[in-house]
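So this one's upload16.txt, compact mmCIF, C-alpha atoms:
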# COMPACT_ATOMS: atom_id res chain seq x y z
CA MET A 1 115.40 124.84 81.35
CA GLY A 2 111.97 125.38 82.92
CA ALA A 3 110.06 123.59 80.15
CA SER A 4 112.55 120.74 79.95
CA THR A 5 112.33 120.37 83.73
CA VAL A 6 108.54 120.09 83.45
CA SER A 7 108.97 117.26 80.94
CA GLN A 8 111.70 115.60 82.98
CA SER A 9 109.65 115.71 86.18
CA MET A 10 106.64 114.39 84.28
CA LEU A 11 108.76 111.35 83.41
CA ALA A 12 110.19 111.10 86.93
CA THR A 13 106.61 110.60 88.13
CA GLY A 14 105.08 108.87 85.12
CA VAL A 15 107.75 106.22 84.54
CA PRO A 16 107.44 104.48 87.93
CA LEU A 17 103.64 104.71 87.79
CA PHE A 18 103.64 103.13 84.32
CA ALA A 19 106.12 100.47 85.44
CA VAL A 20 103.82 99.51 88.31
CA ALA A 21 100.84 99.47 85.93
CA LEU A 22 102.80 97.06 83.69
CA GLY A 23 103.29 94.78 86.70
CA LEU A 24 106.98 95.37 87.41
CA VAL A 25 108.12 94.48 90.91
CA PRO A 26 109.61 97.18 93.17
CA LEU A 27 113.20 96.14 92.41
CA TRP A 28 112.73 96.76 88.67
CA VAL A 29 110.88 100.00 89.32
CA GLY A 30 113.91 101.06 91.35
CA VAL A 31 116.24 100.08 88.52
CA LEU A 32 114.20 102.15 86.06
CA VAL A 33 114.22 105.17 88.38
CA ALA A 34 118.01 104.87 88.77
CA LEU A 35 118.79 104.46 85.04
CA PRO A 36 118.93 108.20 84.18
CA ASN A 37 121.95 108.47 86.48
CA VAL A 38 124.01 105.59 85.10
CA LEU A 39 125.59 107.15 82.01
CA PRO A 40 126.03 110.67 83.47
CA VAL A 41 128.24 109.17 86.19
CA PHE A 42 130.69 108.22 83.45
CA LEU A 43 130.13 111.17 81.10
CA ALA A 44 129.80 114.26 83.30
CA MET A 45 133.48 115.24 83.43
CA ARG A 46 133.93 114.81 79.69
CA ALA A 47 130.63 116.48 78.87
CA GLY A 48 131.77 119.70 80.55
CA GLY A 49 134.77 119.82 78.23
CA TRP A 50 132.65 119.07 75.17
CA ILE A 51 130.37 121.96 76.09
CA ASP A 52 133.32 124.29 76.65
CA ARG A 53 134.78 123.38 73.25
CA GLY A 54 131.58 123.10 71.22
CA GLY A 55 129.66 125.96 72.73
CA ALA A 56 126.80 126.03 75.19
CA GLY A 57 124.22 126.92 72.54
CA ARG A 58 124.88 123.83 70.46
CA TRP A 59 124.83 121.51 73.47
CA LEU A 60 121.73 123.16 74.93
CA LEU A 61 119.93 122.35 71.68
CA VAL A 62 121.32 118.78 71.60
CA GLY A 63 120.25 118.24 75.20
CA ALA A 64 116.77 119.70 74.80
CA ALA A 65 116.05 117.88 71.52
CA GLY A 66 117.45 114.63 72.88
CA MET A 67 115.34 114.94 76.03
CA ALA A 68 112.25 115.04 73.80
CA SER A 69 113.14 111.58 72.45
CA ALA A 70 112.51 109.95 75.84
CA PRO A 71 108.79 110.73 76.29
CA LEU A 72 108.28 110.45 72.54
CA ALA A 73 109.53 106.84 72.62
CA LEU A 74 107.12 106.08 75.45
CA ALA A 75 104.20 107.71 73.63
CA LEU A 76 104.92 105.75 70.44
CA ALA A 77 105.88 102.36 71.93
CA PRO A 78 104.87 102.12 75.59
CA SER A 79 106.73 99.05 76.87
CA VAL A 80 109.37 97.99 79.37
CA PRO A 81 112.23 98.24 76.82
CA ALA A 82 111.02 101.75 75.88
CA LEU A 83 110.99 102.67 79.58
CA ALA A 84 114.61 101.57 79.94
CA TRP A 85 115.76 103.32 76.76
CA ALA A 86 113.85 106.50 77.63
CA GLN A 87 115.41 106.65 81.08
CA LEU A 88 118.95 106.18 79.73
CA ALA A 89 118.40 108.79 77.00
CA LEU A 90 116.84 111.20 79.47
CA GLY A 91 119.88 110.97 81.73
CA VAL A 92 122.42 111.64 78.99
CA PHE A 93 120.55 114.46 77.29
CA GLN A 94 119.53 116.09 80.56
CA LEU A 95 123.21 116.16 81.49
CA PHE A 96 124.02 118.08 78.31
CA ALA A 97 121.09 120.47 78.77
CA ALA A 98 121.90 121.13 82.43
CA LEU A 99 125.61 121.76 81.91
CA ALA A 100 125.00 123.94 78.85
CA SER A 101 122.31 126.00 80.56
CA GLN A 102 124.54 126.52 83.62
CA SER A 103 127.34 127.65 81.31
CA TYR A 104 124.94 130.05 79.62
CA VAL A 105 123.77 131.50 82.94
CA ALA A 106 127.38 131.92 84.09
CA ASP A 107 128.21 133.78 80.86
CA LEU A 108 125.36 136.27 81.31
CA GLY A 109 127.32 138.36 83.79
CA GLY A 110 129.18 138.47 87.07
CA GLY A 111 128.64 139.91 90.51
CA ARG A 112 125.06 140.71 91.49
CA ALA A 113 123.84 139.86 87.99
CA LEU A 114 125.25 136.35 88.37
CA GLU A 115 123.44 135.90 91.68
CA ARG A 116 120.18 137.18 90.19
CA ASN A 117 120.55 135.01 87.07
CA TYR A 118 121.19 131.85 89.09
CA ALA A 119 118.29 132.67 91.41
CA THR A 120 116.02 132.99 88.37
CA TYR A 121 117.43 129.74 86.95
CA ALA A 122 116.82 127.92 90.26
CA THR A 123 113.29 129.31 90.43
CA LEU A 124 112.49 128.05 86.94
CA LEU A 125 113.86 124.59 87.78
CA SER A 126 111.78 124.46 90.96
CA ALA A 127 108.66 125.59 89.11
CA GLY A 128 109.23 122.85 86.54
CA ARG A 129 109.61 120.25 89.27
CA LEU A 130 106.37 121.50 90.82
CA VAL A 131 104.30 121.54 87.63
CA GLY A 132 105.55 118.31 86.02
CA PRO A 133 104.26 115.73 88.52
CA LEU A 134 100.91 117.49 88.76
CA ALA A 135 100.59 117.71 84.98
CA VAL A 136 101.42 114.05 84.41
CA GLY A 137 98.97 112.98 87.11
CA VAL A 138 96.18 114.98 85.50
CA ALA A 139 97.10 113.67 82.03
CA ILE A 140 97.23 110.03 83.17
CA ASP A 141 93.87 110.34 84.94
CA ALA A 142 92.28 112.10 81.98
CA ALA A 143 93.69 110.17 79.03
CA GLY A 144 96.09 107.40 80.11
CA PHE A 145 99.84 106.87 80.06
CA ARG A 146 100.38 107.08 76.32
CA ALA A 147 98.70 110.49 76.13
CA ALA A 148 100.58 111.69 79.21
CA PHE A 149 103.90 110.76 77.62
CA ALA A 150 102.80 112.55 74.43
CA VAL A 151 102.14 115.69 76.48
CA ALA A 152 105.58 115.35 78.07
CA ALA A 153 107.09 115.01 74.59
CA GLY A 154 105.27 118.15 73.47
CA VAL A 155 106.62 120.10 76.44
CA ALA A 156 110.12 118.79 75.71
CA LEU A 157 109.80 119.80 72.04
CA LEU A 158 108.75 123.28 73.20
CA SER A 159 111.95 123.36 75.25
CA ALA A 160 113.96 122.34 72.18
CA ALA A 161 112.31 125.13 70.16
CA LEU A 162 113.20 127.61 72.89
CA ALA A 163 116.78 126.29 72.90
CA TRP A 164 116.91 126.86 69.14
CA THR A 165 115.84 130.50 69.58
CA VAL A 166 118.39 131.28 72.33
CA ARG A 167 121.24 129.46 70.61
CA GLY A 168 122.59 132.69 69.11
CA GLY A 169 122.00 134.49 72.42
CA VAL A 170 124.21 131.94 74.15
CA ALA A 171 127.10 132.84 71.88
CA ALA A 172 126.41 136.57 72.30
CA ALA A 173 126.33 136.21 76.09
CA GLY A 174 129.79 134.67 76.04
CA VAL A 175 131.11 137.57 73.97
CA ALA A 176 129.37 140.14 76.18
CA ALA A 177 130.83 138.58 79.32
CA GLY A 178 134.25 139.29 77.82
CA ALA A 179 137.18 138.45 80.04
CA GLY A 180 134.90 136.63 82.49
CA ALA A 181 133.95 133.99 79.95
CA ALA A 182 136.05 130.92 79.50
CA PRO A 183 137.36 130.37 75.96
CA GLY A 184 134.97 128.30 73.89
CA ARG A 185 132.08 128.71 76.33
CA ALA A 186 130.06 130.87 73.99

Represent the structure contained in this file as structure tokens.
Amino acid sequence: MGASTVSQSMLATGVPLFAVALGLVPLWVGVLVALPNVLPVFLAMRAGGWIDRGGAGRWLLVGAAGMASAPLALALAPSVPALAWAQLALGVFQLFAALASQSYVADLGGGRALERNYATYATLLSAGRLVGPLAVGVAIDAAGFRAAFAVAAGVALLSAALAWTVRGGVAAAGVAAGAGAAPGRA
């Protein structure tokens, strides 16, 4: 989740800056910033069940790969409609990635191991939120918005590749957790 959080936080900073550069008024910048939360409000409860039934590994990959589509759209077609679509897609796919990764962490073990695993998870999320805004600022200053969104897409694709490699580990973690794992979580 660390790499996907870098990409997500790059967009959280880059999208409003790009919207202002395109001349959008503060109201529409606010709408764009809020868009990633619209669909998850309606999907979150169902998404948890989908992840339980389909397996965290599959949904982690779907979430990570889908999150890459948001900055990729902005790199390929930087425009107001692309901003809106990217923000909606980011919200939905980030929901899947977050819920699946939390399921994975929970399946890694209980007791002190669970505390340690969630602390590591939280640290990686915080590091991603620290690096992303700085990285997008440097990229925008150095090469412009389109290049910055391409960098964010590259980071998100790295996250998807990492999700692909741990997919089998997600299933194994659920089996290793044994009785502590919910059915279908692996």

What is the distance, in Å and to one decimal place, between CA of Val29 in chain A and CA of Leu17 in chain A?
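Going from CA of Val29 in chain A over to CA of Leu17 in chain A covers 8.8 Å.
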
Shortest contact to Gly48 in chain A, candidates A:Phe96, A:Phe18, A:Phe149, A:Trp28, atoms counted only C-alpha atoms, goes to A:Phe96

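For the set A:Phe42, A:Trp85, A:Tyr121, A:Phe145, the residue with the smallest atom-to-atom gap to Met10 in chain A is A:Phe145, counting all atoms listed in the file.
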
Could you name the residues that touch range 21-24 of chain A at 12 Å or less, counting all atoms listed in the file, but leaving out those on the same chain fewer than 2 positions away, as a list in words?
Gly14, Val15, Pro16, Leu17, Phe18, Ala19, Pro26, Leu27, Trp28, Val29, Gly30, Val31, Leu32, Pro78, Ser79, Val80, Pro81, Leu83, Ile140, Gly144 and Phe145 of chain A

Determine, counting all atoms listed in the file, which protein, DNA and RNA residues have an atom within 12 Å of an atom of Ser126 in chain A; residues of the same chain fewer than 6 positions away are not included. Present the result as a PyMOL selection string.
chain A and resi 1-6+8-9+119-120+132-133

Identify, on the basis of only C-alpha atoms, every residue whose closest approach to Leu76 in chain A does not exceed 10 Å; exclude the query and any residue fewer than 2 positions from it along the same chain; express the result as number ranges by chain.
A: 71-74, 78-79, 82, 146-147, 149-150

What is the distance between CA of Leu61 in chain A and CA of Ala139 in chain A, in Å to one decimal?
26.5 Å

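Considering only C-alpha atoms, the residue among A:Pro40, A:Gly63, A:Gly110, A:Gly154 positioned nearest to Gly91 in chain A is A:Pro40.
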
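Between CA of Ala56 in chain A and CA of Gln102 in chain A the interatomic distance comes to 8.7 Å.
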
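Between Ala86 in chain A and the residues A:Ala70, A:Val62, A:Ala12, A:Leu125, the shortest atom-to-atom distance, using all atoms listed in the file, involves A:Ala70.
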
If I wrap all listed atoms of range 10-16 of chain A in a box with edges along x, y and z and add 3 Å on each side, what are its centre and edge lengths in Å to one decimal, as JSON?
{"center_x": 107.6, "center_y": 109.4, "center_z": 85.8, "size_x": 11.1, "size_y": 15.9, "size_z": 10.7}

For Ala65 in chain A, which residue out of A:Asn37, A:Thr123, A:Gln94, A:Ser101 is the nearest one, using all atoms listed in the file?
A:Gln94

Env of Leu114 in chain A: 8 Å cut, atoms = only C-alpha atoms, seq-sep filter 6 positions within chain, self excluded. Answer as an NGL selection string.
:A and (105-106 or 108)

For Met45 in chain A, please output as a list in words all residues within 12 Å (counting all atoms listed in the file; exclusion window: fewer than 5 positions along the same chain).
Leu39, Pro40, Trp50, Ile51, Asp52, Leu95, Phe96 and Leu99 of chain A

Would you save the residues from that selection as an mmCIF file, in the coordinates of the input, using C-alpha atoms?
data_model
loop_
_atom_site.group_PDB
_atom_site.id
_atom_site.type_symbol
_atom_site.label_atom_id
_atom_site.label_comp_id
_atom_site.auth_asym_id
_atom_site.auth_seq_id
_atom_site.Cartn_x
_atom_site.Cartn_y
_atom_site.Cartn_z
ATOM 1 C CA LEU A 39 125.590 107.150 82.010
ATOM 2 C CA PRO A 40 126.030 110.670 83.470
ATOM 3 C CA TRP A 50 132.650 119.070 75.170
ATOM 4 C CA ILE A 51 130.370 121.960 76.090
ATOM 5 C CA ASP A 52 133.320 124.290 76.650
ATOM 6 C CA LEU A 95 123.210 116.160 81.490
ATOM 7 C CA PHE A 96 124.020 118.080 78.310
ATOM 8 C CA LEU A 99 125.610 121.760 81.910
#

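Taking all atoms listed in the file into account, Gly54 in chain A lies nearest to A:Ala100 out of the set A:Leu11, A:Ala100, A:Leu162, A:Val151.
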
What would range 124-135 of chain A look like with all heavy atoms restored, written as a PDB file, in the coordinates of the input?
ATOM      1  N   LEU A 124     113.091 128.733  88.081  1.00  0.00           N
ATOM      2  CA  LEU A 124     112.490 128.050  86.940  1.00  0.00           C
ATOM      3  C   LEU A 124     112.588 126.530  87.074  1.00  0.00           C
ATOM      4  O   LEU A 124     111.640 125.800  86.748  1.00  0.00           O
ATOM      5  CB  LEU A 124     113.136 128.500  85.634  1.00  0.00           C
ATOM      6  CG  LEU A 124     112.822 129.934  85.215  1.00  0.00           C
ATOM      7  CD1 LEU A 124     113.678 130.339  84.029  1.00  0.00           C
ATOM      8  CD2 LEU A 124     111.344 130.099  84.907  1.00  0.00           C
ATOM      9  N   LEU A 125     113.715 126.034  87.569  1.00  0.00           N
ATOM     10  CA  LEU A 125     113.860 124.590  87.780  1.00  0.00           C
ATOM     11  C   LEU A 125     112.854 124.110  88.828  1.00  0.00           C
ATOM     12  O   LEU A 125     112.200 123.071  88.644  1.00  0.00           O
ATOM     13  CB  LEU A 125     115.280 124.254  88.233  1.00  0.00           C
ATOM     14  CG  LEU A 125     116.390 124.446  87.202  1.00  0.00           C
ATOM     15  CD1 LEU A 125     117.744 124.108  87.831  1.00  0.00           C
ATOM     16  CD2 LEU A 125     116.152 123.620  85.959  1.00  0.00           C
ATOM     17  N   SER A 126     112.729 124.848  89.906  1.00  0.00           N
ATOM     18  CA  SER A 126     111.780 124.460  90.960  1.00  0.00           C
ATOM     19  C   SER A 126     110.349 124.491  90.452  1.00  0.00           C
ATOM     20  O   SER A 126     109.550 123.599  90.772  1.00  0.00           O
ATOM     21  CB  SER A 126     111.928 125.386  92.168  1.00  0.00           C
ATOM     22  OG  SER A 126     113.194 125.211  92.756  1.00  0.00           O
ATOM     23  N   ALA A 127     110.014 125.508  89.672  1.00  0.00           N
ATOM     24  CA  ALA A 127     108.660 125.590  89.110  1.00  0.00           C
ATOM     25  C   ALA A 127     108.394 124.393  88.201  1.00  0.00           C
ATOM     26  O   ALA A 127     107.308 123.808  88.235  1.00  0.00           O
ATOM     27  CB  ALA A 127     108.483 126.902  88.353  1.00  0.00           C
ATOM     28  N   GLY A 128     109.386 124.016  87.407  1.00  0.00           N
ATOM     29  CA  GLY A 128     109.230 122.850  86.540  1.00  0.00           C
ATOM     30  C   GLY A 128     109.025 121.571  87.321  1.00  0.00           C
ATOM     31  O   GLY A 128     108.204 120.717  86.952  1.00  0.00           O
ATOM     32  N   ARG A 129     109.749 121.449  88.420  1.00  0.00           N
ATOM     33  CA  ARG A 129     109.610 120.250  89.270  1.00  0.00           C
ATOM     34  C   ARG A 129     108.281 120.234  90.021  1.00  0.00           C
ATOM     35  O   ARG A 129     107.816 119.177  90.436  1.00  0.00           O
ATOM     36  CB  ARG A 129     110.778 120.164  90.242  1.00  0.00           C
ATOM     37  CG  ARG A 129     112.075 119.809  89.564  1.00  0.00           C
ATOM     38  CD  ARG A 129     113.209 119.609  90.571  1.00  0.00           C
ATOM     39  NE  ARG A 129     114.462 119.537  89.865  1.00  0.00           N
ATOM     40  CZ  ARG A 129     115.414 120.460  89.940  1.00  0.00           C
ATOM     41  NH1 ARG A 129     115.270 121.517  90.719  1.00  0.00           N
ATOM     42  NH2 ARG A 129     116.527 120.329  89.255  1.00  0.00           N
ATOM     43  N   LEU A 130     107.685 121.408  90.185  1.00  0.00           N
ATOM     44  CA  LEU A 130     106.370 121.500  90.820  1.00  0.00           C
ATOM     45  C   LEU A 130     105.264 121.162  89.827  1.00  0.00           C
ATOM     46  O   LEU A 130     104.354 120.387  90.131  1.00  0.00           O
ATOM     47  CB  LEU A 130     106.167 122.922  91.374  1.00  0.00           C
ATOM     48  CG  LEU A 130     104.781 123.252  91.914  1.00  0.00           C
ATOM     49  CD1 LEU A 130     104.518 122.464  93.186  1.00  0.00           C
ATOM     50  CD2 LEU A 130     104.664 124.742  92.171  1.00  0.00           C
ATOM     51  N   VAL A 131     105.354 121.698  88.629  1.00  0.00           N
ATOM     52  CA  VAL A 131     104.300 121.540  87.630  1.00  0.00           C
ATOM     53  C   VAL A 131     104.294 120.143  87.011  1.00  0.00           C
ATOM     54  O   VAL A 131     103.222 119.569  86.781  1.00  0.00           O
ATOM     55  CB  VAL A 131     104.459 122.623  86.529  1.00  0.00           C
ATOM     56  CG1 VAL A 131     103.537 122.363  85.351  1.00  0.00           C
ATOM     57  CG2 VAL A 131     104.209 124.003  87.111  1.00  0.00           C
ATOM     58  N   GLY A 132     105.461 119.582  86.730  1.00  0.00           N
ATOM     59  CA  GLY A 132     105.550 118.310  86.020  1.00  0.00           C
ATOM     60  C   GLY A 132     104.779 117.161  86.637  1.00  0.00           C
ATOM     61  O   GLY A 132     103.951 116.532  85.957  1.00  0.00           O
ATOM     62  N   PRO A 133     104.999 116.857  87.924  1.00  0.00           N
ATOM     63  CA  PRO A 133     104.260 115.730  88.520  1.00  0.00           C
ATOM     64  C   PRO A 133     102.748 115.953  88.544  1.00  0.00           C
ATOM     65  O   PRO A 133     101.979 115.017  88.324  1.00  0.00           O
ATOM     66  CB  PRO A 133     104.817 115.662  89.950  1.00  0.00           C
ATOM     67  CG  PRO A 133     106.182 116.265  89.845  1.00  0.00           C
ATOM     68  CD  PRO A 133     106.046 117.352  88.821  1.00  0.00           C
ATOM     69  N   LEU A 134     102.343 117.198  88.779  1.00  0.00           N
ATOM     70  CA  LEU A 134     100.910 117.490  88.760  1.00  0.00           C
ATOM     71  C   LEU A 134     100.333 117.309  87.365  1.00  0.00           C
ATOM     72  O   LEU A 134      99.265 116.720  87.182  1.00  0.00           O
ATOM     73  CB  LEU A 134     100.657 118.911  89.270  1.00  0.00           C
ATOM     74  CG  LEU A 134     101.103 119.209  90.702  1.00  0.00           C
ATOM     75  CD1 LEU A 134     100.991 120.693  91.012  1.00  0.00           C
ATOM     76  CD2 LEU A 134     100.305 118.375  91.686  1.00  0.00           C
ATOM     77  N   ALA A 135     101.059 117.805  86.365  1.00  0.00           N
ATOM     78  CA  ALA A 135     100.590 117.710  84.980  1.00  0.00           C
ATOM     79  C   ALA A 135     100.486 116.263  84.524  1.00  0.00           C
ATOM     80  O   ALA A 135      99.500 115.881  83.864  1.00  0.00           O
ATOM     81  CB  ALA A 135     101.524 118.487  84.054  1.00  0.00           C
TER      82      ALA A 135
END
